[in-house]
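The structure file upload-v1.cif is reproduced below (mmCIF, C-alpha atoms).
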data_upload
loop_
_atom_site.group_PDB
_atom_site.id
_atom_site.type_symbol
_atom_site.label_atom_id
_atom_site.label_comp_id
_atom_site.auth_asym_id
_atom_site.auth_seq_id
_atom_site.Cartn_x
_atom_site.Cartn_y
_atom_site.Cartn_z
ATOM 1 C CA MET A 1344 0.000 0.000 0.000
ATOM 2 C CA LYS A 1345 1.123 3.549 -0.752
ATOM 3 C CA SER A 1346 1.481 6.240 1.906
ATOM 4 C CA TYR A 1347 -1.141 8.994 1.814
ATOM 5 C CA LEU A 1348 -0.171 11.149 4.807
ATOM 6 C CA LYS A 1349 1.856 11.169 8.005
ATOM 7 C CA THR A 1350 0.123 12.506 11.103
ATOM 8 C CA LYS A 1351 0.200 12.070 14.865
ATOM 9 C CA ASP A 1352 -1.960 11.539 17.914
ATOM 10 C CA HIS A 1353 -2.573 15.180 18.836
ATOM 11 C CA SER A 1354 -4.773 14.544 21.877
ATOM 12 C CA VAL A 1355 -3.120 11.846 24.024
ATOM 13 C CA SER A 1356 0.277 10.341 23.178
ATOM 14 C CA GLY A 1357 1.907 12.573 20.544
ATOM 15 C CA GLU A 1358 3.015 9.431 18.687
ATOM 16 C CA GLU A 1359 3.346 9.479 14.904
ATOM 17 C CA PHE A 1360 1.330 7.305 12.518
ATOM 18 C CA GLU A 1361 0.982 6.883 8.780
ATOM 19 C CA LEU A 1362 -2.170 6.669 6.687
ATOM 20 C CA MET A 1363 -1.912 4.097 3.916
ATOM 21 C CA ILE A 1364 -4.129 3.981 0.824
ATOM 22 C CA HIS A 1365 -6.285 0.899 0.242
ATOM 23 C CA HIS A 1366 -6.983 1.474 -3.450
ATOM 24 C CA GLU A 1367 -9.588 -1.260 -3.925
ATOM 25 C CA LEU A 1368 -11.839 0.009 -1.129
ATOM 26 C CA GLU A 1369 -10.901 3.684 -1.577
ATOM 27 C CA MET A 1370 -10.104 4.191 2.100
ATOM 28 C CA LEU A 1371 -7.139 4.914 4.366
ATOM 29 C CA ILE A 1372 -5.681 2.606 7.000
ATOM 30 C CA THR A 1373 -3.797 3.755 10.108
ATOM 31 C CA LYS A 1374 -0.350 2.174 10.447
ATOM 32 C CA PRO A 1375 0.834 0.876 12.785
ATOM 33 C CA GLN A 1376 -2.306 -0.219 14.636
ATOM 34 C CA PRO A 1377 -1.374 -0.649 18.324
ATOM 35 C CA SER A 1378 -2.235 -4.003 19.901
ATOM 36 C CA ASN A 1379 -3.380 -2.230 23.071
ATOM 37 C CA LEU A 1380 -5.624 0.670 22.111
ATOM 38 C CA ASP A 1381 -7.118 1.179 25.584
ATOM 39 C CA LYS A 1382 -4.354 3.524 26.727
ATOM 40 C CA TYR A 1383 -5.098 5.885 23.819
ATOM 41 C CA TYR A 1384 -8.590 6.461 25.231
ATOM 42 C CA GLU A 1385 -7.287 7.266 28.717
ATOM 43 C CA SER A 1386 -7.942 10.976 28.641
ATOM 44 C CA ALA A 1387 -10.227 13.143 30.734
ATOM 45 C CA THR A 1388 -10.954 15.079 27.547
ATOM 46 C CA TYR A 1389 -12.249 12.115 25.514
ATOM 47 C CA ILE A 1390 -15.685 13.627 25.277
ATOM 48 C CA SER A 1391 -17.803 10.699 24.082
ATOM 49 C CA HIS A 1392 -16.886 8.831 27.276
ATOM 50 C CA THR A 1393 -17.133 11.731 29.724
ATOM 51 C CA ASP A 1394 -20.078 14.047 28.911
ATOM 52 C CA ALA A 1395 -17.532 16.855 29.414
ATOM 53 C CA ASN A 1396 -19.065 20.339 29.542
ATOM 54 C CA ARG A 1397 -16.230 22.476 30.911
ATOM 55 C CA THR A 1398 -14.605 24.330 28.027
ATOM 56 C CA LEU A 1399 -16.260 26.355 25.282
ATOM 57 C CA VAL A 1400 -15.413 23.572 22.805
ATOM 58 C CA ASP A 1401 -17.158 21.074 25.116
ATOM 59 C CA LYS A 1402 -20.218 23.310 25.315
ATOM 60 C CA ILE A 1403 -20.365 23.656 21.524
ATOM 61 C CA TYR A 1404 -20.088 19.879 21.181
ATOM 62 C CA GLN A 1405 -22.895 19.275 23.687
ATOM 63 C CA ALA A 1406 -25.199 21.869 22.076
ATOM 64 C CA VAL A 1407 -24.725 20.340 18.627
ATOM 65 C CA LYS A 1408 -25.191 16.854 20.071
ATOM 66 C CA LYS A 1409 -28.566 17.797 21.550
ATOM 67 C CA TYR A 1410 -29.871 18.877 18.135
ATOM 68 C CA SER A 1411 -28.281 15.892 16.388
ATOM 69 C CA LEU A 1412 -29.881 13.362 18.720
ATOM 70 C CA SER A 1413 -33.378 14.442 17.714
ATOM 71 C CA ARG A 1414 -32.434 14.283 14.042
ATOM 72 C CA LYS A 1415 -30.999 10.782 14.449
ATOM 73 C CA VAL A 1416 -34.213 9.500 16.017
ATOM 74 C CA ARG A 1417 -36.252 11.030 13.172
ATOM 75 C CA ILE A 1418 -34.109 9.129 10.690
ATOM 76 C CA LEU A 1419 -34.692 5.934 12.672
ATOM 77 C CA GLU A 1420 -38.430 6.462 12.432
ATOM 78 C CA LYS A 1421 -38.187 6.880 8.661
ATOM 79 C CA TYR A 1422 -36.357 3.613 8.022
ATOM 80 C CA CYS A 1423 -37.566 1.325 10.822
ATOM 81 C CA ASN A 1424 -39.744 -1.758 10.735
ATOM 82 C CA THR A 1425 -42.760 -2.198 13.013
ATOM 83 C CA GLU A 1426 -40.899 -3.731 15.972
ATOM 84 C CA LYS A 1427 -39.013 -0.502 16.793
ATOM 85 C CA THR A 1428 -36.010 -2.293 18.271
ATOM 86 C CA VAL A 1429 -32.632 -0.596 18.041
ATOM 87 C CA LEU A 1430 -29.119 -1.667 18.995
ATOM 88 C CA ASP A 1431 -26.639 1.191 19.352
ATOM 89 C CA PHE A 1432 -23.135 -0.183 18.900
ATOM 90 C CA GLY A 1433 -20.582 1.951 20.746
ATOM 91 C CA ALA A 1434 -23.276 3.725 22.714
ATOM 92 C CA GLY A 1435 -20.949 5.962 24.744
ATOM 93 C CA THR A 1436 -22.807 7.507 27.675
ATOM 94 C CA GLY A 1437 -26.218 6.486 26.318
ATOM 95 C CA ASP A 1438 -27.662 9.826 25.182
ATOM 96 C CA PHE A 1439 -28.934 8.589 21.818
ATOM 97 C CA LEU A 1440 -30.652 5.583 23.379
ATOM 98 C CA PHE A 1441 -32.156 7.769 26.091
ATOM 99 C CA VAL A 1442 -33.834 9.960 23.447
ATOM 100 C CA ALA A 1443 -34.888 6.932 21.363
ATOM 101 C CA GLN A 1444 -36.505 5.345 24.417
ATOM 102 C CA GLU A 1445 -38.503 8.514 25.029
ATOM 103 C CA LYS A 1446 -39.850 8.123 21.474
ATOM 104 C CA GLY A 1447 -41.066 4.585 22.131
ATOM 105 C CA TRP A 1448 -38.120 2.534 20.930
ATOM 106 C CA LYS A 1449 -37.034 -0.692 22.616
ATOM 107 C CA ILE A 1450 -33.398 0.116 23.251
ATOM 108 C CA HIS A 1451 -30.263 -2.004 23.502
ATOM 109 C CA GLY A 1452 -26.678 -0.815 23.593
ATOM 110 C CA VAL A 1453 -23.088 -2.025 23.538
ATOM 111 C CA GLU A 1454 -20.258 0.026 25.040
ATOM 112 C CA PRO A 1455 -16.898 -1.496 26.040
ATOM 113 C CA ASN A 1456 -15.790 1.449 28.190
ATOM 114 C CA TRP A 1457 -16.741 0.869 31.835
ATOM 115 C CA GLY A 1458 -16.849 4.545 32.767
ATOM 116 C CA ALA A 1459 -19.177 5.370 29.866
ATOM 117 C CA ARG A 1460 -21.474 2.457 30.807
ATOM 118 C CA LYS A 1461 -21.612 3.744 34.375
ATOM 119 C CA ARG A 1462 -22.638 7.230 33.216
ATOM 120 C CA ALA A 1463 -25.276 5.706 30.934
ATOM 121 C CA SER A 1464 -26.726 3.656 33.811
ATOM 122 C CA GLU A 1465 -27.125 6.876 35.820
ATOM 123 C CA LYS A 1466 -29.472 8.028 33.031
ATOM 124 C CA GLY A 1467 -31.438 4.788 33.190
ATOM 125 C CA VAL A 1468 -29.792 3.332 30.080
ATOM 126 C CA ASN A 1469 -28.264 -0.090 30.759
ATOM 127 C CA LEU A 1470 -25.525 -1.123 28.347
ATOM 128 C CA ILE A 1471 -23.573 -4.342 27.886
ATOM 129 C CA ALA A 1472 -19.827 -4.585 27.242
ATOM 130 C CA LYS A 1473 -20.049 -6.774 24.134
ATOM 131 C CA ILE A 1474 -22.495 -8.627 21.897
ATOM 132 C CA PRO A 1475 -23.195 -12.275 22.809
ATOM 133 C CA GLU A 1476 -21.320 -14.561 20.428
ATOM 134 C CA ASP A 1477 -24.424 -16.531 19.408
ATOM 135 C CA HIS A 1478 -26.064 -13.406 17.861
ATOM 136 C CA SER A 1479 -29.397 -14.739 19.112
ATOM 137 C CA ASP A 1480 -31.059 -11.318 19.464
ATOM 138 C CA LYS A 1481 -32.120 -9.517 16.292
ATOM 139 C CA TYR A 1482 -33.019 -5.862 15.758
ATOM 140 C CA ASP A 1483 -34.855 -3.621 13.305
ATOM 141 C CA VAL A 1484 -32.021 -1.107 13.294
ATOM 142 C CA VAL A 1485 -28.344 -1.183 14.287
ATOM 143 C CA THR A 1486 -26.668 2.207 14.669
ATOM 144 C CA LEU A 1487 -23.002 3.181 14.801
ATOM 145 C CA TRP A 1488 -22.522 6.910 15.442
ATOM 146 C CA HIS A 1489 -18.840 7.592 14.742
ATOM 147 C CA VAL A 1490 -17.924 4.093 15.885
ATOM 148 C CA LEU A 1491 -17.048 2.046 12.778
ATOM 149 C CA GLU A 1492 -13.712 3.829 12.414
ATOM 150 C CA HIS A 1493 -12.699 2.534 15.872
ATOM 151 C CA LEU A 1494 -13.388 -1.171 15.317
ATOM 152 C CA PRO A 1495 -10.537 -3.641 14.719
ATOM 153 C CA ASN A 1496 -11.081 -6.543 12.294
ATOM 154 C CA LEU A 1497 -13.268 -4.304 10.184
ATOM 155 C CA GLU A 1498 -14.720 -6.780 7.687
ATOM 156 C CA ASP A 1499 -15.527 -9.292 10.443
ATOM 157 C CA HIS A 1500 -17.385 -6.594 12.374
ATOM 158 C CA VAL A 1501 -19.371 -5.542 9.296
ATOM 159 C CA SER A 1502 -20.421 -9.160 8.739
ATOM 160 C CA GLN A 1503 -21.424 -9.586 12.410
ATOM 161 C CA LEU A 1504 -23.467 -6.386 12.389
ATOM 162 C CA SER A 1505 -25.426 -7.601 9.367
ATOM 163 C CA GLN A 1506 -26.213 -10.837 11.193
ATOM 164 C CA LEU A 1507 -27.834 -8.882 14.036
ATOM 165 C CA LEU A 1508 -30.627 -7.574 11.799
ATOM 166 C CA LEU A 1509 -34.155 -8.816 11.375
ATOM 167 C CA PRO A 1510 -35.180 -9.476 7.736
ATOM 168 C CA GLY A 1511 -35.243 -6.156 5.911
ATOM 169 C CA GLY A 1512 -33.386 -4.475 8.775
ATOM 170 C CA THR A 1513 -31.311 -1.323 8.580
ATOM 171 C CA ILE A 1514 -27.813 -0.281 9.599
ATOM 172 C CA ILE A 1515 -27.120 3.431 10.043
ATOM 173 C CA VAL A 1516 -23.451 4.420 10.086
ATOM 174 C CA ALA A 1517 -21.959 7.881 10.644
ATOM 175 C CA VAL A 1518 -18.245 8.356 9.905
ATOM 176 C CA PRO A 1519 -15.811 11.142 8.949
ATOM 177 C CA ASN A 1520 -15.049 11.616 5.250
ATOM 178 C CA PHE A 1521 -11.370 12.039 4.388
ATOM 179 C CA LYS A 1522 -12.329 13.455 0.974
ATOM 180 C CA SER A 1523 -13.975 16.530 2.485
ATOM 181 C CA TYR A 1524 -12.619 20.044 2.011
ATOM 182 C CA ASP A 1525 -11.718 20.446 5.701
ATOM 183 C CA ALA A 1526 -9.701 17.191 5.607
ATOM 184 C CA LYS A 1527 -7.753 18.429 2.592
ATOM 185 C CA HIS A 1528 -7.317 21.895 4.112
ATOM 186 C CA TYR A 1529 -5.976 20.790 7.496
ATOM 187 C CA LYS A 1530 -4.046 17.748 6.188
ATOM 188 C CA GLU A 1531 -2.052 16.143 9.034
ATOM 189 C CA PHE A 1532 -3.795 18.400 11.573
ATOM 190 C CA TRP A 1533 -7.315 17.303 10.599
ATOM 191 C CA ALA A 1534 -8.860 16.313 13.927
ATOM 192 C CA ALA A 1535 -11.076 13.590 12.440
ATOM 193 C CA TYR A 1536 -8.050 11.467 11.573
ATOM 194 C CA ASP A 1537 -7.740 11.033 15.375
ATOM 195 C CA VAL A 1538 -5.046 8.364 15.111
ATOM 196 C CA PRO A 1539 -4.676 5.716 16.390
ATOM 197 C CA ARG A 1540 -8.203 5.604 17.834
ATOM 198 C CA HIS A 1541 -9.481 5.857 14.256
ATOM 199 C CA LEU A 1542 -8.104 2.783 12.548
ATOM 200 C CA TRP A 1543 -9.905 3.361 9.241
ATOM 201 C CA HIS A 1544 -10.763 6.468 7.234
ATOM 202 C CA PHE A 1545 -13.703 6.119 4.875
ATOM 203 C CA SER A 1546 -15.009 7.505 1.618
ATOM 204 C CA ARG A 1547 -18.504 7.095 0.184
ATOM 205 C CA THR A 1548 -17.173 4.337 -2.084
ATOM 206 C CA SER A 1549 -15.572 2.366 0.750
ATOM 207 C CA ILE A 1550 -18.735 2.255 2.846
ATOM 208 C CA GLN A 1551 -20.801 0.999 -0.083
ATOM 209 C CA LYS A 1552 -18.267 -1.706 -0.999
ATOM 210 C CA LEU A 1553 -17.685 -2.874 2.583
ATOM 211 C CA PHE A 1554 -21.352 -3.451 3.324
ATOM 212 C CA ALA A 1555 -22.216 -4.858 -0.112
ATOM 213 C CA SER A 1556 -20.063 -7.877 0.755
ATOM 214 C CA SER A 1557 -22.435 -8.549 3.693
ATOM 215 C CA ASP A 1558 -25.672 -8.358 1.636
ATOM 216 C CA MET A 1559 -26.326 -4.712 2.510
ATOM 217 C CA ASP A 1560 -27.387 -2.060 -0.006
ATOM 218 C CA LEU A 1561 -26.764 1.651 0.439
ATOM 219 C CA ILE A 1562 -30.133 3.389 0.142
ATOM 220 C CA ALA A 1563 -29.397 6.906 1.437
ATOM 221 C CA THR A 1564 -26.466 9.190 2.277
ATOM 222 C CA LYS A 1565 -27.054 12.226 4.474
ATOM 223 C CA PRO A 1566 -24.749 15.123 5.423
ATOM 224 C CA MET A 1567 -23.760 15.943 9.001
ATOM 225 C CA ILE A 1568 -23.224 19.636 8.467
ATOM 226 C CA PHE A 1569 -22.256 20.590 12.024
ATOM 227 C CA ASP A 1570 -19.281 18.218 12.064
ATOM 228 C CA SER A 1571 -17.198 20.463 9.798
ATOM 229 C CA PHE A 1572 -17.372 23.299 12.357
ATOM 230 C CA TYR A 1573 -16.474 21.183 15.381
ATOM 231 C CA VAL A 1574 -13.706 19.316 13.540
ATOM 232 C CA SER A 1575 -12.311 22.594 12.178
ATOM 233 C CA LEU A 1576 -12.248 24.056 15.686
ATOM 234 C CA LEU A 1577 -10.190 21.118 16.986
ATOM 235 C CA SER A 1578 -8.001 21.155 13.879
ATOM 236 C CA GLU A 1579 -7.156 24.834 14.406
ATOM 237 C CA LYS A 1580 -6.057 24.010 17.944
ATOM 238 C CA TYR A 1581 -3.858 21.146 16.736
ATOM 239 C CA LYS A 1582 -2.354 23.272 13.955
ATOM 240 C CA THR A 1583 -1.744 26.555 15.768
ATOM 241 C CA GLY A 1584 -2.017 25.751 19.464
ATOM 242 C CA LYS A 1585 -4.825 28.287 19.718
ATOM 243 C CA SER A 1586 -8.629 28.157 19.567
ATOM 244 C CA LYS A 1587 -9.181 30.237 16.431
ATOM 245 C CA TYR A 1588 -12.969 30.367 16.414
ATOM 246 C CA LEU A 1589 -13.357 32.661 13.415
ATOM 247 C CA SER A 1590 -10.975 30.653 11.204
ATOM 248 C CA ALA A 1591 -12.661 27.424 12.292
ATOM 249 C CA PHE A 1592 -16.106 28.797 11.504
ATOM 250 C CA LEU A 1593 -15.036 30.065 8.087
ATOM 251 C CA ASN A 1594 -13.343 26.789 7.140
ATOM 252 C CA GLY A 1595 -16.302 24.756 8.398
ATOM 253 C CA PHE A 1596 -18.680 26.951 6.419
ATOM 254 C CA LEU A 1597 -16.503 26.723 3.294
ATOM 255 C CA SER A 1598 -16.348 22.943 3.622
ATOM 256 C CA ASN A 1599 -20.137 22.724 3.651
ATOM 257 C CA MET A 1600 -20.463 25.115 0.729
ATOM 258 C CA LYS A 1601 -18.060 23.094 -1.407
ATOM 259 C CA ALA A 1602 -19.864 19.893 -0.379
ATOM 260 C CA TRP A 1603 -23.148 21.333 -1.659
ATOM 261 C CA ASN A 1604 -21.956 20.333 -5.129
ATOM 262 C CA SER A 1605 -19.371 17.629 -4.443
ATOM 263 C CA LYS A 1606 -21.395 15.877 -1.679
ATOM 264 C CA GLU A 1607 -18.101 15.393 0.173
ATOM 265 C CA TYR A 1608 -19.195 16.633 3.612
ATOM 266 C CA SER A 1609 -16.892 16.453 6.639
ATOM 267 C CA SER A 1610 -18.955 13.570 8.003
ATOM 268 C CA LEU A 1611 -21.643 11.508 6.332
ATOM 269 C CA MET A 1612 -24.456 9.315 7.564
ATOM 270 C CA TYR A 1613 -25.131 6.158 5.551
ATOM 271 C CA VAL A 1614 -28.398 4.198 5.620
ATOM 272 C CA LEU A 1615 -27.948 0.587 4.527
ATOM 273 C CA LYS A 1616 -30.689 -1.980 4.098
ATOM 274 C CA LYS A 1617 -30.362 -5.744 4.350
ATOM 275 C CA ARG A 1618 -31.208 -7.506 1.087
ATOM 276 C CA GLU A 1619 -34.170 -9.837 0.953
ATOM 277 C CA GLY A 1620 -32.846 -13.339 1.558
ATOM 278 C CA GLY A 1621 -29.502 -11.987 2.820
ATOM 279 C CA GLN A 1622 -27.715 -13.941 5.520
#

Render the structure in this file as structure tokens.
Amino acid sequence: MKSYLKTKDHSVSGEEFELMIHHELEMLITKPQPSNLDKYYESATYISHTDANRTLVDKIYQAVKKYSLSRKVRILEKYCNTEKTVLDFGAGTGDFLFVAQEKGWKIHGVEPNWGARKRASEKGVNLIAKIPEDHSDKYDVVTLWHVLEHLPNLEDHVSQLSQLLLPGGTIIVAVPNFKSYDAKHYKEFWAAYDVPRHLWHFSRTSIQKLFASSDMDLIATKPMIFDSFYVSLLSEKYKTGKSKYLSAFLNGFLSNMKAWNSKEYSSLMYVLKKREGGQ
């Protein structure tokens, strides 16, 4: 594989990593991939595990998240079957499932981080650490909100996720898009590379090809327009050492404007449907 970019872990270790091009799938792969990733999540600032709300960046993240949660549940309603059962894979502190439950969904969640599970349980959302190996429970919808990029053994995980669906079920995946304007602008400082926690870096083509091999068809792609602003804000901090709010806003806005035609938004949400007769 050919090298695409050298970058580093800006938020925890400072270690350097390389992004390699997987031409067939049109995606990037983080190299090397540490055998023990847990230590790279050991940060009080890792927001999806902490519900942090201290800094201005935290507050922006939490405000955007509140709006996004409602939108995510509306998308669930649009593509669900009648059972209204959802499994959130990588559920973090349980906020999405909490909102889904309020809307009448039967909720289930998987989150390997003990601290995040504890915070979710305080909200009345009980999560398990991993999926039972027999895959006996099936769901209308499986969701992965910025989780797929963290999973080792990628193709095995995609296959397992497909097996968790009821006939005609849906997988909804949200991931960063390395072909976006903000990724190209910030290059090695682009916060959504987030190495080595992000093992894989996807394009629209790679998502479609990955899930097609597990009898899943891509039926809709939706922009996540707020991600460009938040990612640009972090990227400015990594690049300059300062929180340049105006520059971040302008670059986030420009990224969305360019994506209006190219469809290459900073992050994208993919809706995939299990084929009739698929395994």

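Of the residues under consideration (A:Pro1539, A:Leu1577, A:Lys1473, A:Glu1367), A:Pro1539 shows the shortest atom-to-atom contact distance to Tyr1383 of chain A when counting all atoms listed in the file.
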
Handout entry: Test item: the PyMOL selection byres ((chain A and resi 1440) around 12) resolved as number ranges by chain
Key = A: 1412-1413, 1415-1416, 1419, 1428-1439, 1441-1454, 1463-1464, 1466-1470, 1485-1488

Exercise for the section: Find the residues near segment 1601-1612 of chain A: any atom within 6 Å, counting only C-alpha atoms, skip ones fewer than 4 places away on the same chain, and give them as number ranges by chain. Expected result: A: 1516-1520, 1523, 1564-1567, 1571

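If you look at atom CA of Glu1358 of chain A and atom CA of Lys1382 of chain A, they are 12.4 Å away from each other.
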
Problem - Nearest-residue call for Glu1619 of chain A, choices A:Ile1550, A:Met1559, A:Leu1497, A:Ala1459, using all atoms listed in the file - result: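 Answer, going by the shortest atom-to-atom distance: A:Met1559.
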